[in-house]
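Participant: Sending over a structure as structure tokens; questions will come in a sec.
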Amino acid sequence: MGDGRFPVIIPVQPWFGDHHLGGRVILAAVETMLLLASKTVELFPKMEIRVMEDVFFAKFCEIPFGTKELATLVELAQASERIEAKLLSRVQFKTMSRLKEHGAVSFFSVENIELAEPVQQPTWATPSAEHDMEIKAETLYRDLVPFGPSYQTLQGSLFLSKDMAWGIVKASDVDFVDPVQNILGSPFPLDGAMHAACVLGQQLVDFSPFPVGFKRRTVFRPTQPGSHYQIMVRLISDMAEETEELVFDLDIYREKDIYEQVTGLRMRNVGGV
């Protein structure tokens with residue numbers, strides 16, 4: 001089967017409701033990436049889904065209250081050794097409908113993508129390391145990132161310096177619901193690392209930065225439900241007038257083993273997007 005648009009029904013999982021913004025339940029970006037990876041590898045088994053490039057989150061995929069299933073479309077476009085996967089939904093008006101794009105990820109064939117671990121492993125900043133601010137997780141999730149329990153993955157305290165944040169995340173005790181998670185792992189640690197980037201960003205701007213995309217994500221080892229991981233976030237670029245975005249790199253690791261790395265994470269004020 002080649003490229004095209006494919007209907008996909010998303011079962012609304014119990015924990016989805018804990019990811020909300022402005023009173024609306026929003027499909028988490030990490031869930032969007034899992035879905036697109038799953039459909040891509042189903043139809044193109046030779047794609048290396050552990051590496052994602054040119055990731056873009058366009059419009060929120062809202063989950064109406066009480067919804068048990070969400071009807072979506074996955075669009076797969078093949079160009080040479082690259083697959084661009086998009087999550088779409090159909091918006092119905094009185095006389096017409098249109099497609100809304102929610103997220104896009106590019107995957108590459110196994111033969112054409114590098115999955116080498118970084119030569120220099122990240123150096124874990126311990127809680128005793130020099131920091132300017134310490135924010136308790138309960139305060140963070142009450143005041144700065146007001147998500148529900150399933151997405152309250154940061155543990156203990158988040159430590160911040162001028163251009164870095166570090167702490168511990170716990171993958172929620174949610175069993176894998178898709179075989180692709182045996183490759184990509186739990187979505188919760190990466191979501192928690194982006195919470196840390198959001199909080200670091202809030203020290204620089206007067207709004208809550210929200211992820212709108214990144215350059216590259218590499219999954220070296222799958223994170224596991226119930227397990228703890230260290231995260232480190234680094235500010236790469238302060239907000240420029242032309243982009244109105246903050247840019248971060250982040251690592252998820254445990255001791256000397258790196259699990260995930262994201263480069264070029266772009267965050268901005270999404271307002272009512």
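Chain labels follow the order of the structure tokens: the first chain is A, the next B, and so on; residue numbering restarts at 1 in every chain, and ligands are counted from 1 in their shown order.
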If we count only C-alpha atoms, what is near A:Val12 at a cut-off of 8 Å, once residues fewer than 2 positions away on the same chain are taken out, given as number ranges by chain?
Facilitator: A: 10, 14, 16, 67-70
Participant: Counting only C-alpha atoms, which residues of stretch 182-215 of chain A fall within 10 Å of stretch 229-252 of chain A, and what is the closest atom pair for each with its distance in Å at one decimal, ordered by chain and rising number, as a tab-separated table?
Facilitator:
residue	atom	partner	partner_atom	distance
A:Pro189	CA	A:Tyr229	CA	7.4
A:Leu190	CA	A:Ile252	CA	7.4
A:Gly192	CA	A:Ile231	CA	8.6
A:Ala193	CA	A:Ile231	CA	6.1
A:Met194	CA	A:Leu250	CA	8.3
A:His195	CA	A:Val233	CA	9.9
A:Ala196	CA	A:Val233	CA	7.0
A:Ala197	CA	A:Val233	CA	6.1
A:Cys198	CA	A:Leu246	CA	9.6
A:Leu200	CA	A:Leu235	CA	8.2
A:Gly201	CA	A:Leu246	CA	7.1
A:Leu204	CA	A:Asp238	CA	8.2
A:Val205	CA	A:Met239	CA	8.4
A:Pro209	CA	A:Leu246	CA	7.8
A:Phe210	CA	A:Glu245	CA	9.6
A:Pro211	CA	A:Leu246	CA	9.4
A:Val212	CA	A:Glu245	CA	9.1
A:Gly213	CA	A:Val247	CA	9.8
A:Phe214	CA	A:Val247	CA	8.5
A:Lys215	CA	A:Asp249	CA	9.7
Participant: Could you dump the residues just selected with C-alpha atoms as a tab-separated table (two decimals), in the first residue's frame?
Facilitator:
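So part.tsv came out as:
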chain	number	residue	atom	x	y	z
A	189	PRO	CA	8.77	11.32	30.35
A	190	LEU	CA	9.07	13.47	27.21
A	192	GLY	CA	7.35	15.99	31.57
A	193	ALA	CA	10.60	17.25	30.06
A	194	MET	CA	8.57	19.71	27.99
A	195	HIS	CA	6.85	20.85	31.21
A	196	ALA	CA	10.31	21.73	32.50
A	197	ALA	CA	11.03	23.69	29.30
A	198	CYS	CA	7.70	25.50	29.74
A	200	LEU	CA	12.10	27.62	32.30
A	201	GLY	CA	10.56	29.67	29.52
A	204	LEU	CA	11.88	34.76	30.54
A	205	VAL	CA	8.48	35.70	29.11
A	209	PRO	CA	5.28	28.66	26.19
A	210	PHE	CA	3.73	25.67	24.44
A	211	PRO	CA	5.58	23.25	22.11
A	212	VAL	CA	4.95	23.89	18.42
A	213	GLY	CA	7.61	21.59	16.96
A	214	PHE	CA	11.23	20.54	16.97
A	215	LYS	CA	14.08	19.71	14.64
Participant: Could you state the separation of atom CA of A:Pro64 and atom CA of A:Gly4 in Å, given to one decimal place?
Facilitator: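 We find that atom CA of A:Pro64 and atom CA of A:Gly4 lie 26.9 Å from each other.
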Participant: Go through A:Phe220, A:Phe159, A:Phe56, A:Phe65 and flag the residue nearest A:Thr32, using only C-alpha atoms for the distances.
Facilitator: A:Phe56
Participant: At what distance in Å, to one decimal, does atom CA of A:Leu184 lie from atom CA of A:Phe60?
Facilitator: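 Going from atom CA of A:Phe60 over to atom CA of A:Leu184, I get 22.4 Å.
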Participant: Pick out the residues sitting within 7 Å of A:Leu144, and hand them over as a ChimeraX atom specification; count only C-alpha atoms, and ignore anything fewer than 3 positions along from it in its own chain.
Facilitator: /A:140-141,199
Participant: Could you give me, as a list in words, the residues within 9 Å of A:Val174, counting only C-alpha atoms and dropping anything in the same chain fewer than 4 positions from it?
Facilitator: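 Result of the neighbour search: Trp15, Ser150, Ser186, Pro225 and Gly226 of chain A.
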Participant: Limited to N, CA and C atoms, could you put the picked residues into a file as a PDB file, in the first residue's frame?
Facilitator:
ATOM      1  N   TRP A  15      -6.546   8.626  30.612  1.00  0.00           N
ATOM      2  CA  TRP A  15      -5.595   9.666  31.008  1.00  0.00           C
ATOM      3  C   TRP A  15      -5.592  10.875  30.067  1.00  0.00           C
ATOM      4  N   SER A 150      -2.332  12.268  35.718  1.00  0.00           N
ATOM      5  CA  SER A 150      -1.588  11.368  34.831  1.00  0.00           C
ATOM      6  C   SER A 150      -0.409  12.059  34.166  1.00  0.00           C
ATOM      7  N   SER A 186       7.259   4.912  26.822  1.00  0.00           N
ATOM      8  CA  SER A 186       6.162   5.673  27.418  1.00  0.00           C
ATOM      9  C   SER A 186       6.204   7.117  26.927  1.00  0.00           C
ATOM     10  N   PRO A 225       6.867   2.238  31.812  1.00  0.00           N
ATOM     11  CA  PRO A 225       5.873   2.694  32.788  1.00  0.00           C
ATOM     12  C   PRO A 225       6.368   2.512  34.223  1.00  0.00           C
ATOM     13  N   GLY A 226       6.138   3.518  35.047  1.00  0.00           N
ATOM     14  CA  GLY A 226       6.495   3.445  36.454  1.00  0.00           C
ATOM     15  C   GLY A 226       7.944   3.733  36.773  1.00  0.00           C
TER      16      GLY A 226
END
Participant: Once you count only C-alpha atoms, what closest atom pair and distance in Å to one decimal does each residue of stretch 160-253 of chain A within 12 Å of stretch 36-45 of chain A have, with rows by chain and rising residue number, as CSV?
Facilitator:
residue,atom,partner,partner_atom,distance
A:Val177,CA,A:Ser38,CA,11.2
A:Asp178,CA,A:Ser38,CA,7.8
A:Pro179,CA,A:Ser38,CA,8.1
A:Val180,CA,A:Ser38,CA,5.7
A:Gln181,CA,A:Ser38,CA,8.7
A:Asn182,CA,A:Ser38,CA,11.0
A:Ile183,CA,A:Ala37,CA,10.1
A:Leu184,CA,A:Ala37,CA,8.9
A:Gly185,CA,A:Ala37,CA,11.9
Participant: With DSSP run on the backbone, what are the alpha helix (DSSP H) residues within stretch 13-262 of chain A? I'd like them as a ChimeraX atom specification.
Facilitator: /A:29-43,137-139,181-184,188-202
Participant: Smallest atom-to-atom distance to A:Ser109: which of A:Gln152, A:Asn269, A:Ser208, A:Gln78, using only C-alpha atoms?
Facilitator: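 Counting only C-alpha atoms, the residue closest to A:Ser109 is A:Gln78.
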Participant: Record the distance separating atom CA of A:Lys170 and atom CA of A:Phe57, expressed in Å with one decimal.
Facilitator: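 The value is 24.4 Å.
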Participant: Smallest atom-to-atom distance to A:Lys59: which of A:Arg5, A:Lys100, A:Arg142, A:His228, using only C-alpha atoms?
Facilitator: A:Lys100
Participant: Pick the closest to A:Ala58 from A:Arg82, A:Leu99, A:Met33, A:Ala104: which is it, counting only C-alpha atoms?
Facilitator: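 Of A:Arg82, A:Leu99, A:Met33, A:Ala104, the one nearest A:Ala58, counting only C-alpha atoms, is A:Ala104.
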Participant: From the set A:Pro187, A:Gly66, A:Gly22, A:Gly167, which residue has the shortest atom-to-atom contact distance to A:Tyr253, counting only C-alpha atoms?
Facilitator: A:Gly167
